[in-house]
$ cat my_file-v7.cif   # mmCIF, C-alpha atoms
data_my_file
loop_
_atom_site.label_atom_id
_atom_site.label_comp_id
_atom_site.auth_asym_id
_atom_site.auth_seq_id
_atom_site.Cartn_x
_atom_site.Cartn_y
_atom_site.Cartn_z
CA MET A 119 181.10 132.15 105.60
CA SER A 120 178.84 131.09 102.83
CA GLU A 121 175.80 132.76 104.40
CA HIS A 122 177.26 135.88 102.82
CA HIS A 123 177.52 134.17 99.50
CA HIS A 124 174.13 134.99 98.10
CA ASP A 125 172.61 132.57 95.68
CA HIS A 126 172.07 135.20 93.04
CA ASP A 127 175.86 135.31 92.61
CA ASP A 128 175.96 131.65 91.74
CA HIS A 129 173.96 130.81 88.67
CA SER A 130 174.40 127.04 88.79
CA GLU A 131 173.07 126.85 92.35
CA LEU A 132 170.34 129.31 91.51
CA SER A 133 168.92 127.22 88.70
CA GLU A 134 169.24 123.98 90.64
CA ILE A 135 167.49 125.35 93.68
CA GLU A 136 164.87 127.10 91.60
CA LEU A 137 163.94 123.79 90.03
CA ARG A 138 163.84 122.14 93.41
CA VAL A 139 161.57 124.83 94.87
CA ARG A 140 159.31 124.67 91.84
CA ALA A 141 159.11 120.88 92.14
CA LEU A 142 158.04 121.08 95.76
CA GLU A 143 155.47 123.76 95.06
CA THR A 144 154.01 121.68 92.24
CA VAL A 145 153.74 118.61 94.48
CA LEU A 146 152.06 120.61 97.26
CA THR A 147 149.52 122.19 94.93
CA GLU A 148 148.81 118.99 92.99
CA LYS A 149 148.16 117.18 96.25
CA GLY A 150 145.71 119.88 97.23
CA TYR A 151 147.60 121.08 100.33
CA VAL A 152 147.95 124.72 99.24
CA ASP A 153 146.50 127.05 96.65
CA ALA A 154 149.24 128.64 94.54
CA ALA A 155 147.24 131.88 94.76
CA ALA A 156 147.45 131.73 98.55
CA LEU A 157 151.24 131.49 98.32
CA ASP A 158 151.23 134.56 96.06
CA ALA A 159 149.08 136.35 98.63
CA ILE A 160 151.45 135.48 101.50
CA VAL A 161 154.43 136.87 99.59
CA GLN A 162 152.48 139.99 98.71
CA ALA A 163 151.44 140.49 102.33
CA TYR A 164 155.05 140.21 103.49
CA GLU A 165 156.16 142.64 100.83
CA THR A 166 153.51 145.25 101.49
CA LYS A 167 152.11 144.99 105.03
CA ILE A 168 155.12 144.55 107.24
CA GLY A 169 158.33 146.50 107.50
CA PRO A 170 160.28 148.85 109.76
CA HIS A 171 157.71 151.59 109.12
CA ASN A 172 155.44 149.81 111.63
CA GLY A 173 158.08 149.85 114.35
CA ALA A 174 159.04 153.42 113.49
CA ARG A 175 155.48 154.62 114.14
CA VAL A 176 155.46 152.89 117.50
CA VAL A 177 158.80 154.41 118.51
CA ALA A 178 157.79 157.89 117.33
CA LYS A 179 154.57 157.70 119.32
CA ALA A 180 156.50 156.60 122.43
CA TRP A 181 158.81 159.60 121.98
CA ALA A 182 155.90 162.00 121.62
CA ASP A 183 153.41 160.58 124.12
CA PRO A 184 154.62 159.70 127.66
CA ASP A 185 151.44 157.76 128.47
CA PHE A 186 151.90 155.60 125.41
CA LYS A 187 155.56 155.07 126.28
CA ARG A 188 154.62 153.84 129.76
CA ALA A 189 152.02 151.51 128.28
CA LEU A 190 154.49 150.25 125.67
CA LEU A 191 157.16 149.43 128.24
CA ALA A 192 154.57 147.73 130.47
CA ASP A 193 152.97 145.57 127.74
CA ALA A 194 154.08 146.22 124.18
CA SER A 195 151.62 143.84 122.49
CA LYS A 196 148.71 145.53 124.24
CA ALA A 197 149.99 149.05 123.60
CA VAL A 198 150.66 148.44 119.90
CA GLY A 199 147.24 146.82 119.63
CA THR A 200 145.65 150.17 120.52
CA LEU A 201 147.17 151.79 117.41
CA GLY A 202 144.77 151.17 114.57
CA HIS A 203 147.17 152.26 111.84
CA VAL A 204 149.91 149.80 112.72
CA SER A 205 149.89 146.23 111.44
CA ARG A 206 148.32 143.72 113.84
CA VAL A 207 150.79 142.35 116.32
CA GLY A 208 150.93 139.00 118.10
CA ASP A 209 151.40 138.34 121.78
CA HIS A 210 154.63 138.50 123.74
CA LEU A 211 156.15 141.67 122.26
CA VAL A 212 158.50 143.34 124.75
CA ALA A 213 159.83 146.89 124.28
CA VAL A 214 163.16 147.69 125.95
CA GLU A 215 164.28 151.26 126.47
CA ASN A 216 167.70 152.69 125.70
CA THR A 217 168.94 155.29 128.18
CA PRO A 218 172.25 157.13 128.63
CA GLU A 219 173.16 154.37 131.12
CA ARG A 220 172.00 151.34 129.15
CA HIS A 221 172.00 150.25 125.52
CA ASN A 222 169.90 147.26 124.44
CA MET A 223 170.71 144.95 121.55
CA VAL A 224 168.66 142.00 120.26
CA VAL A 225 169.86 138.71 118.78
CA CYS A 226 168.63 135.17 118.22
CA THR A 227 171.66 132.92 118.63
CA LEU A 228 169.69 129.73 117.87
CA CYS A 229 167.86 130.75 114.70
CA SER A 230 166.33 134.00 113.49
CA CYS A 231 163.62 135.12 115.97
CA TYR A 232 162.79 138.74 115.23
CA PRO A 233 159.79 141.05 115.76
CA TRP A 234 158.83 140.80 112.08
CA GLU A 235 155.39 142.34 112.48
CA MET A 236 157.18 145.49 113.68
CA LEU A 237 160.36 145.38 111.58
CA GLY A 238 159.65 143.23 108.53
CA LEU A 239 161.63 140.09 107.76
CA PRO A 240 165.11 140.04 109.31
CA PRO A 241 168.08 141.09 107.18
CA VAL A 242 170.58 138.43 106.10
CA TRP A 243 173.20 139.56 108.62
CA TYR A 244 170.77 139.06 111.52
CA LYS A 245 170.26 135.42 110.50
CA ALA A 246 173.91 134.71 109.70
CA ALA A 247 176.67 133.15 111.80
CA PRO A 248 178.87 136.22 112.44
CA TYR A 249 176.12 138.16 114.24
CA ARG A 250 174.53 135.18 115.97
CA SER A 251 177.86 133.91 117.31
CA ARG A 252 179.42 137.18 118.44
CA ALA A 253 176.54 139.35 119.66
CA VAL A 254 176.42 137.63 123.06
CA LYS A 255 180.19 137.44 123.60
CA ASP A 256 181.54 140.60 122.01
CA PRO A 257 178.67 143.04 121.48
CA ARG A 258 181.00 146.05 121.35
CA GLY A 259 182.97 144.38 118.57
CA VAL A 260 179.74 143.68 116.68
CA LEU A 261 178.63 147.29 117.11
CA LYS A 262 181.98 148.37 115.66
CA ASP A 263 181.15 146.38 112.51
CA PHE A 264 178.12 148.68 112.24
CA GLY A 265 180.24 151.78 112.85
CA VAL A 266 178.62 152.24 116.25
CA SER A 267 180.57 152.98 119.42
CA LEU A 268 179.24 153.61 122.90
CA PRO A 269 180.90 155.13 125.97
CA LYS A 270 182.89 152.52 127.90
CA GLU A 271 180.70 152.93 130.97
CA THR A 272 177.41 152.41 129.14
CA GLU A 273 175.95 149.05 130.09
CA ILE A 274 175.22 146.86 127.09
CA ARG A 275 172.35 144.48 127.53
CA VAL A 276 172.04 141.75 124.93
CA TRP A 277 168.64 140.04 124.66
CA ASP A 278 168.90 136.55 123.19
CA SER A 279 165.46 135.71 121.76
CA THR A 280 165.31 132.09 122.87
CA ALA A 281 161.52 131.82 123.33
CA GLU A 282 158.42 133.28 121.62
CA THR A 283 158.97 136.65 123.27
CA ARG A 284 160.06 139.27 120.74
CA PHE A 285 162.09 142.36 121.57
CA LEU A 286 161.81 145.85 120.14
CA VAL A 287 164.44 148.39 121.17
CA LEU A 288 163.08 151.83 121.99
CA PRO A 289 166.01 154.06 121.01
CA MET A 290 166.71 157.43 122.62
CA ARG A 291 164.98 160.37 121.00
CA PRO A 292 167.43 162.48 118.98
CA LYS A 293 168.21 165.94 120.30
CA ALA A 294 166.73 169.05 118.69
CA THR A 295 163.43 167.40 117.83
CA GLU A 296 161.24 169.21 120.38
CA GLY A 297 157.74 169.78 119.13
CA TRP A 298 158.12 167.49 116.10
CA SER A 299 155.06 165.59 114.91
CA GLU A 300 154.97 161.80 115.20
CA ASP A 301 155.16 161.52 111.40
CA LYS A 302 158.29 163.62 111.28
CA LEU A 303 159.85 161.76 114.22
CA ALA A 304 159.09 158.40 112.57
CA GLU A 305 161.31 159.37 109.63
CA LEU A 306 164.31 159.39 111.99
CA VAL A 307 163.73 155.86 113.24
CA THR A 308 165.90 153.28 111.45
CA ARG A 309 165.46 149.51 111.48
CA ASP A 310 168.87 149.02 113.08
CA SER A 311 168.04 151.48 115.86
CA MET A 312 165.15 149.18 116.83
CA ILE A 313 167.45 146.10 116.84
CA GLY A 314 170.07 147.98 118.84
CA THR A 315 172.80 147.89 116.19
CA GLY A 316 172.37 151.52 115.23
CA PHE A 317 171.04 154.90 116.30
CA PRO A 318 168.15 156.95 114.94
CA LEU A 319 169.05 159.52 112.29
CA GLU A 320 169.98 163.00 113.49
CA PRO A 321 167.67 165.82 112.42
CA GLY A 322 168.87 167.21 109.11
CA ALA A 323 171.01 164.17 108.28
CA PRO A 324 170.44 162.66 104.83
CA SER A 325 168.26 159.56 105.18
CA MET B 183 170.53 119.06 120.38
CA ASN B 184 174.11 120.24 120.51
CA GLY B 185 174.12 121.36 116.88
CA VAL B 186 176.00 124.01 114.93
CA HIS B 187 172.87 126.16 114.99
CA ASP B 188 173.65 126.88 118.68
CA MET B 189 176.22 129.52 117.79
CA GLY B 190 176.29 131.87 120.74
CA GLY B 191 179.91 132.53 121.74
CA MET B 192 181.57 130.71 118.84
CA ASP B 193 184.59 132.35 117.20
CA GLY B 194 185.82 132.40 113.65
CA PHE B 195 182.76 133.42 111.64
CA GLY B 196 184.19 136.81 110.77
CA LYS B 197 182.72 140.28 110.62
CA VAL B 198 179.07 141.18 110.40
CA GLU B 199 178.47 142.51 106.89
CA PRO B 200 175.29 144.57 106.63
CA GLU B 201 173.96 144.93 103.07
CA PRO B 202 172.79 148.46 102.24
CA ASN B 203 169.22 148.65 100.95
CA GLU B 204 168.76 144.93 101.28
CA PRO B 205 165.61 143.69 99.51
CA MET B 206 163.10 141.59 101.44
CA PHE B 207 163.86 138.64 99.13
CA HIS B 208 166.99 138.27 96.99
CA THR B 209 165.35 135.91 94.53
CA ARG B 210 161.80 134.80 93.83
CA TRP B 211 162.41 131.24 95.07
CA GLU B 212 163.21 132.53 98.55
CA SER B 213 159.76 134.06 98.78
CA ARG B 214 158.11 130.81 97.58
CA VAL B 215 159.96 128.81 100.25
CA LEU B 216 158.88 131.21 102.98
CA ALA B 217 155.27 131.07 101.74
CA MET B 218 155.24 127.26 101.60
CA VAL B 219 156.61 126.95 105.13
CA ARG B 220 154.05 129.41 106.49
CA ALA B 221 151.17 127.82 104.58
CA MET B 222 151.94 124.21 105.49
CA GLY B 223 152.52 125.19 109.12
CA ALA B 224 149.22 127.06 109.26
CA ALA B 225 147.45 124.11 107.65
CA GLY B 226 148.65 121.97 110.55
CA ALA B 227 151.39 119.86 108.90
CA PHE B 228 153.83 120.84 111.69
CA ASN B 229 154.33 123.38 114.46
CA ILE B 230 157.00 126.10 114.63
CA ASP B 231 159.18 124.12 117.05
CA THR B 232 159.21 121.08 114.81
CA SER B 233 160.19 123.21 111.83
CA ARG B 234 163.11 124.67 113.81
CA PHE B 235 164.18 121.18 114.87
CA TYR B 236 164.33 119.95 111.28
CA ARG B 237 166.56 122.86 110.27
CA GLU B 238 168.85 122.26 113.25
CA ALA B 239 169.05 118.58 112.35
CA LEU B 240 170.53 119.27 108.90
CA PRO B 241 174.10 117.90 108.77
CA PRO B 242 176.49 120.54 110.17
CA HIS B 243 178.32 121.07 106.88
CA VAL B 244 175.01 121.56 105.09
CA TYR B 245 173.71 123.94 107.77
CA LEU B 246 176.85 126.08 107.59
CA SER B 247 177.15 126.18 103.82
CA SER B 248 173.50 126.77 102.92
CA SER B 249 171.83 130.15 102.61
CA TYR B 250 169.01 130.88 105.05
CA TYR B 251 166.15 129.97 102.76
CA LYS B 252 167.97 126.93 101.42
CA LYS B 253 168.00 125.63 105.00
CA TRP B 254 164.27 126.34 105.14
CA LEU B 255 163.70 124.40 101.92
CA LEU B 256 165.77 121.39 103.02
CA GLY B 257 164.09 121.34 106.43
CA LEU B 258 160.64 121.60 104.85
CA GLU B 259 161.27 118.72 102.43
CA ASP B 260 162.65 116.48 105.20
CA MET B 261 159.76 117.28 107.52
CA LEU B 262 157.01 116.73 104.95
CA ILE B 263 158.58 113.44 103.85
CA ALA B 264 159.04 112.24 107.45
CA ARG B 265 155.40 113.00 108.20
CA GLY B 266 154.09 111.29 105.11
CA PHE B 267 152.67 114.39 103.40
CA ILE B 268 154.92 113.90 100.38
CA GLY B 269 157.17 111.14 99.10
CA LYS B 270 160.82 111.26 98.07
CA ALA B 271 159.87 110.11 94.60
CA GLU B 272 157.37 112.96 94.30
CA VAL B 273 160.06 115.52 95.14
CA ALA B 274 162.40 113.93 92.59
CA GLU B 275 159.65 113.77 89.96
CA GLY B 276 158.20 117.21 90.69
CA HIS B 277 154.67 115.82 90.60
CA ALA B 278 152.16 114.16 92.90
CA LEU B 279 152.28 110.37 92.62
CA GLU B 280 150.37 109.29 95.70
CA PRO B 281 147.11 110.30 97.37
CA ALA B 282 147.28 113.27 99.76
CA LYS B 283 147.29 112.91 103.53
CA ALA B 284 144.66 114.88 105.44
CA LEU B 285 145.87 118.17 106.96
CA LYS B 286 144.74 119.06 110.48
CA ARG B 287 143.26 122.37 109.34
CA GLY B 288 142.58 121.50 105.73
CA LYS B 289 143.85 123.01 102.50
CA PHE B 290 145.57 126.39 102.84
CA SER B 291 143.66 128.93 100.76
CA VAL B 292 143.64 132.68 100.19
CA ASP B 293 141.20 133.15 103.08
CA ASP B 294 143.85 131.84 105.49
CA VAL B 295 146.51 134.37 104.55
CA GLU B 296 145.53 137.05 107.04
CA ARG B 297 145.89 134.50 109.83
CA VAL B 298 149.57 133.81 109.09
CA MET B 299 150.43 137.50 109.17
CA VAL B 300 149.99 137.62 112.95
CA ARG B 301 152.27 135.54 115.13
CA GLY B 302 150.72 132.63 116.95
CA LYS B 303 149.67 132.69 120.58
CA PHE B 304 151.95 130.70 122.86
CA GLY B 305 150.59 131.72 126.29
CA ARG B 306 148.75 128.94 128.16
CA ALA B 307 147.05 128.42 131.52
CA ALA B 308 149.38 127.57 134.42
CA GLN B 309 149.58 123.88 135.35
CA ALA B 310 151.41 124.65 138.63
CA PRO B 311 152.54 127.71 140.59
CA ALA B 312 155.75 129.42 139.42
CA LYS B 313 158.88 128.13 141.18
CA PHE B 314 160.81 131.37 140.73
CA LYS B 315 160.21 135.09 141.02
CA ALA B 316 162.04 138.24 139.92
CA GLY B 317 165.30 138.61 141.86
CA ASP B 318 165.87 134.87 142.42
CA ARG B 319 169.32 133.51 141.61
CA VAL B 320 169.10 130.50 139.34
CA ARG B 321 171.49 128.16 137.59
CA ALA B 322 170.87 127.06 134.02
CA ARG B 323 170.88 123.29 134.23
CA ASN B 324 173.71 121.37 132.66
CA ILE B 325 171.47 119.41 130.31
CA HIS B 326 172.22 118.14 126.79
CA PRO B 327 169.03 116.80 125.24
CA ALA B 328 169.62 115.17 121.86
CA THR B 329 166.31 116.61 120.67
CA HIS B 330 165.16 120.23 120.29
CA THR B 331 165.80 122.65 123.13
CA ARG B 332 165.87 126.43 123.46
CA LEU B 333 168.49 126.47 126.20
CA PRO B 334 171.69 127.62 124.48
CA ARG B 335 174.93 125.87 125.40
CA TYR B 336 176.70 129.06 126.40
CA VAL B 337 174.56 129.51 129.54
CA ARG B 338 174.41 125.89 130.75
CA GLY B 339 175.83 125.51 134.24
CA HIS B 340 175.96 129.28 134.77
CA VAL B 341 174.23 131.40 137.40
CA GLY B 342 171.97 134.31 136.57
CA VAL B 343 169.11 136.30 138.07
CA ILE B 344 165.43 136.15 137.16
CA GLU B 345 164.39 139.54 135.85
CA ARG B 346 160.92 139.02 134.37
CA ASP B 347 158.20 136.46 134.51
CA HIS B 348 156.43 136.04 131.16
CA GLY B 349 153.74 133.67 132.36
CA VAL B 350 153.23 130.16 131.02
CA HIS B 351 154.07 129.23 127.44
CA VAL B 352 154.09 126.18 125.16
CA PHE B 353 157.29 124.23 125.92
CA PRO B 354 159.26 123.92 122.65
CA ASP B 355 161.25 120.89 123.84
CA SER B 356 157.97 118.93 124.03
CA ALA B 357 156.13 120.49 121.10
CA ALA B 358 159.03 119.89 118.70
CA ILE B 359 158.85 116.14 119.18
CA GLU B 360 155.03 115.98 119.19
CA ALA B 361 154.96 115.24 122.91
CA GLY B 362 152.23 117.82 123.53
CA GLU B 363 152.40 121.46 124.55
CA ASN B 364 153.45 120.70 128.14
CA PRO B 365 153.17 124.42 129.11
CA GLN B 366 155.88 125.83 131.39
CA TRP B 367 156.68 129.09 133.16
CA LEU B 368 158.96 131.34 131.15
CA TYR B 369 161.42 133.84 132.64
CA THR B 370 163.99 136.36 131.45
CA VAL B 371 167.25 135.36 133.15
CA VAL B 372 170.16 137.83 133.16
CA PHE B 373 173.82 136.78 133.28
CA ASP B 374 176.90 138.92 133.86
CA GLY B 375 179.38 138.82 131.01
CA ALA B 376 182.10 137.52 133.34
CA GLU B 377 179.90 134.64 134.51
CA LEU B 378 179.58 133.41 130.93
CA TRP B 379 182.87 134.46 129.36
CA GLY B 380 185.34 134.61 132.21
CA ALA B 381 187.30 137.27 134.03
CA ASP B 382 188.49 138.99 130.86
CA ALA B 383 184.94 139.72 129.70
CA ASP B 384 183.79 143.31 129.15
CA PRO B 385 182.42 144.29 132.60
CA SER B 386 179.73 146.49 131.03
CA VAL B 387 177.99 143.60 129.26
CA LYS B 388 174.98 141.65 130.49
CA ILE B 389 173.24 138.94 128.51
CA SER B 390 169.75 137.58 128.97
CA ILE B 391 167.91 134.57 127.64
CA ASP B 392 164.28 133.64 128.02
CA ALA B 393 164.32 130.35 129.89
CA PHE B 394 161.57 127.82 130.53
CA GLU B 395 161.33 126.65 134.14
CA PRO B 396 162.62 123.10 133.46
CA TYR B 397 165.89 124.70 132.27
CA LEU B 398 166.52 126.23 135.69
CA GLU B 399 167.39 125.26 139.25
CA LYS B 400 167.83 127.35 142.40
CA ALA B 401 171.35 128.67 142.85
#
$ encode --input "my_file-v7.cif" --output "structure tokens"
Amino acid sequence: MSEHHHDHDDHSELSEIELRVRALETVLTEKGYVDAAALDAIVQAYETKIGPHNGARVVAKAWADPDFKRALLADASKAVGTLGHVSRVGDHLVAVENTPERHNMVVCTLCSCYPWEMLGLPPVWYKAAPYRSRAVKDPRGVLKDFGVSLPKETEIRVWDSTAETRFLVLPMRPKATEGWSEDKLAELVTRDSMIGTGFPLEPGAPS
Amino acid sequence: MNGVHDMGGMDGFGKVEPEPNEPMFHTRWESRVLAMVRAMGAAGAFNIDTSRFYREALPPHVYLSSSYYKKWLLGLEDMLIARGFIGKAEVAEGHALEPAKALKRGKFSVDDVERVMVRGKFGRAAQAPAKFKAGDRVRARNIHPATHTRLPRYVRGHVGVIERDHGVHVFPDSAAIEAGENPQWLYTVVFDGAELWGADADPSVKISIDAFEPYLEKA
């Protein structure tokens, strides 16, 4: 599907669309709707303030602090709001816990809903047709595309993000990490492990 | 609307292809499109549901053959033209030709940037008591609105169980067509794989959607 055909591979489309984007931006600024500097600042904020490091800190804290984990599972927006060092988070964040019995996986079949304050902007595959179409019908097949396999008896729960609720998967804490600091634990938490299409890194594995 | 954006359960799109070390933006123009959509939305030119509706309403062949941010660009142009903020000739010319239309919250400036970096609030006061509670069996209604809806086709007509109550939220079906917020109760509804995909479905799979009360009836 052409969603995999990135524009940077296609120079004619690139220049055409670049001109079109520039034209629209010029019209919007000339009409006084937006400051070009404000657009720069939005891009900069996306590039610097959000990203999976925010989610990783939340997960690591939940692994290390049982009270925080309880609070996170009860009301994730409220619990994350108590952490000063994590980017501000909006309402309606829901954390769902992986256990040996149940694996959670998040999708948005209708568009691209994603907990971006926690994970950054969604990757292309999350927004593209193969994932959106198959995640709800054949989640094990999708996990295989990621090189992930789960025991046959593990329940797979797919969360389709059809409203303004946003889902963050709380993966299982890797073994042999007893006594680790939250900072060290956070380094094991991958973006995909918080979407449910991957696992955290194992201690000692190359990151 | 029953558009190609409603992809859950469709076959034939191939494998998921993760890109190692994917950058946040692949080209500069993608980041400008994102910024323009966020800025114009925050300035009050449209709400999030309307912007989704305009992307869904792109012709199916355009939707399927355009990259993600190209869809955003096309939807943004269509929406701003339809609402009279810009003219077709201005887009073609690449310059302002007509006077501006007033924005609900005024010009988007640097001081507004922090505001767009936190998601909006969609919770609202209840207009009526909730019809359902956790544990209730419900059927997703067999409805096919031609306008925006967040009830995916693959659950329509199927029976699931209410798992969570999220309180009352802005109803996208109304907000997208500027018919007001019309707040509705929102629930997580869980379906068995076999209920949605038939007897051959993987018995270990359950799927949930978040469904607004008007999407549901007692089963």
$ closest_residue --input "my_file-v7.cif" --among "B:Trp379, B:Gly190, B:Ala278, B:Met206" --to "Thr166 in chain A" --atoms "all atoms listed in the file"
B:Met206
$ resolve_selection --input "my_file-v7.cif" --expression "the PyMOL selection byres ((chain A and resi 300) around 8)" --output "list of chain:residue names"
A:Arg175, A:Ala178, A:Lys179, A:Ala182, A:Trp298, A:Ser299, A:Asp301, A:Lys302, A:Leu303, A:Ala304
$ write_last_selection --input "my_file-v7.cif" --atoms "C-alpha atoms" --output "JSON list (two decimals), keeping the file's coordinate frame"
[["chain", "number", "residue", "atom", "x", "y", "z"],
["A", 175, "ARG", "CA", 155.48, 154.62, 114.14],
["A", 178, "ALA", "CA", 157.79, 157.89, 117.33],
["A", 179, "LYS", "CA", 154.57, 157.70, 119.32],
["A", 182, "ALA", "CA", 155.90, 162.00, 121.62],
["A", 298, "TRP", "CA", 158.12, 167.49, 116.10],
["A", 299, "SER", "CA", 155.06, 165.59, 114.91],
["A", 301, "ASP", "CA", 155.16, 161.52, 111.40],
["A", 302, "LYS", "CA", 158.29, 163.62, 111.28],
["A", 303, "LEU", "CA", 159.85, 161.76, 114.22],
["A", 304, "ALA", "CA", 159.09, 158.40, 112.57]]
$ residues_around --input "my_file-v7.cif" --residues "Ala156 in chain A" --least-positions-apart "2" --cutoff "12 Å" --atoms "all atoms listed in the file" --output "ChimeraX atom specification"
/A:143,147,151-154,158-163 /B:214,217-218,220-222,224-225,289-298
$ write_last_selection --input "my_file-v7.cif" --atoms "C-alpha atoms" --output "mmCIF file, keeping the file's coordinate frame"
data_model
loop_
_atom_site.group_PDB
_atom_site.id
_atom_site.type_symbol
_atom_site.label_atom_id
_atom_site.label_comp_id
_atom_site.auth_asym_id
_atom_site.auth_seq_id
_atom_site.Cartn_x
_atom_site.Cartn_y
_atom_site.Cartn_z
ATOM 1 C CA GLU A 143 155.470 123.760 95.060
ATOM 2 C CA THR A 147 149.520 122.190 94.930
ATOM 3 C CA TYR A 151 147.600 121.080 100.330
ATOM 4 C CA VAL A 152 147.950 124.720 99.240
ATOM 5 C CA ASP A 153 146.500 127.050 96.650
ATOM 6 C CA ALA A 154 149.240 128.640 94.540
ATOM 7 C CA ASP A 158 151.230 134.560 96.060
ATOM 8 C CA ALA A 159 149.080 136.350 98.630
ATOM 9 C CA ILE A 160 151.450 135.480 101.500
ATOM 10 C CA VAL A 161 154.430 136.870 99.590
ATOM 11 C CA GLN A 162 152.480 139.990 98.710
ATOM 12 C CA ALA A 163 151.440 140.490 102.330
ATOM 13 C CA ARG B 214 158.110 130.810 97.580
ATOM 14 C CA ALA B 217 155.270 131.070 101.740
ATOM 15 C CA MET B 218 155.240 127.260 101.600
ATOM 16 C CA ARG B 220 154.050 129.410 106.490
ATOM 17 C CA ALA B 221 151.170 127.820 104.580
ATOM 18 C CA MET B 222 151.940 124.210 105.490
ATOM 19 C CA ALA B 224 149.220 127.060 109.260
ATOM 20 C CA ALA B 225 147.450 124.110 107.650
ATOM 21 C CA LYS B 289 143.850 123.010 102.500
ATOM 22 C CA PHE B 290 145.570 126.390 102.840
ATOM 23 C CA SER B 291 143.660 128.930 100.760
ATOM 24 C CA VAL B 292 143.640 132.680 100.190
ATOM 25 C CA ASP B 293 141.200 133.150 103.080
ATOM 26 C CA ASP B 294 143.850 131.840 105.490
ATOM 27 C CA VAL B 295 146.510 134.370 104.550
ATOM 28 C CA GLU B 296 145.530 137.050 107.040
ATOM 29 C CA ARG B 297 145.890 134.500 109.830
ATOM 30 C CA VAL B 298 149.570 133.810 109.090
#
$ residues_around --input "my_file-v7.cif" --residues "Ala192 in chain A" --least-positions-apart "3" --cutoff "12 Å" --atoms "only C-alpha atoms" --output "MDAnalysis selection string"
(chainID A and resid 185:189 195:198 210:215) or (chainID B and resid 346 348)
$ resolve_selection --input "my_file-v7.cif" --expression "the PyMOL selection byres ((chain B and resi 247-257) around 10)" --output "VMD selection string"
(chain A and resid 119 to 125 135 138 to 139 142 229 to 230 242 245 to 246) or (chain B and resid 207 211 to 216 218 to 219 232 to 240 242 to 246 258 to 263)
$ write_last_selection --input "my_file-v7.cif" --atoms "C-alpha atoms" --output "short mmCIF file (atom, residue, chain, number, x, y, z; two decimals), keeping the file's coordinate frame"
data_model
loop_
_atom_site.label_atom_id
_atom_site.label_comp_id
_atom_site.auth_asym_id
_atom_site.auth_seq_id
_atom_site.Cartn_x
_atom_site.Cartn_y
_atom_site.Cartn_z
CA MET A 119 181.10 132.15 105.60
CA SER A 120 178.84 131.09 102.83
CA GLU A 121 175.80 132.76 104.40
CA HIS A 122 177.26 135.88 102.82
CA HIS A 123 177.52 134.17 99.50
CA HIS A 124 174.13 134.99 98.10
CA ASP A 125 172.61 132.57 95.68
CA ILE A 135 167.49 125.35 93.68
CA ARG A 138 163.84 122.14 93.41
CA VAL A 139 161.57 124.83 94.87
CA LEU A 142 158.04 121.08 95.76
CA CYS A 229 167.86 130.75 114.70
CA SER A 230 166.33 134.00 113.49
CA VAL A 242 170.58 138.43 106.10
CA LYS A 245 170.26 135.42 110.50
CA ALA A 246 173.91 134.71 109.70
CA PHE B 207 163.86 138.64 99.13
CA TRP B 211 162.41 131.24 95.07
CA GLU B 212 163.21 132.53 98.55
CA SER B 213 159.76 134.06 98.78
CA ARG B 214 158.11 130.81 97.58
CA VAL B 215 159.96 128.81 100.25
CA LEU B 216 158.88 131.21 102.98
CA MET B 218 155.24 127.26 101.60
CA VAL B 219 156.61 126.95 105.13
CA THR B 232 159.21 121.08 114.81
CA SER B 233 160.19 123.21 111.83
CA ARG B 234 163.11 124.67 113.81
CA PHE B 235 164.18 121.18 114.87
CA TYR B 236 164.33 119.95 111.28
CA ARG B 237 166.56 122.86 110.27
CA GLU B 238 168.85 122.26 113.25
CA ALA B 239 169.05 118.58 112.35
CA LEU B 240 170.53 119.27 108.90
CA PRO B 242 176.49 120.54 110.17
CA HIS B 243 178.32 121.07 106.88
CA VAL B 244 175.01 121.56 105.09
CA TYR B 245 173.71 123.94 107.77
CA LEU B 246 176.85 126.08 107.59
CA LEU B 258 160.64 121.60 104.85
CA GLU B 259 161.27 118.72 102.43
CA ASP B 260 162.65 116.48 105.20
CA MET B 261 159.76 117.28 107.52
CA LEU B 262 157.01 116.73 104.95
CA ILE B 263 158.58 113.44 103.85
#
$ residues_around --input "my_file-v7.cif" --residues "Gly199 in chain A" --least-positions-apart "6" --cutoff "12 Å" --atoms "all atoms listed in the file" --output "ChimeraX atom specification"
/A:172,176,186,189-190,193,205-211,235-236 /B:300
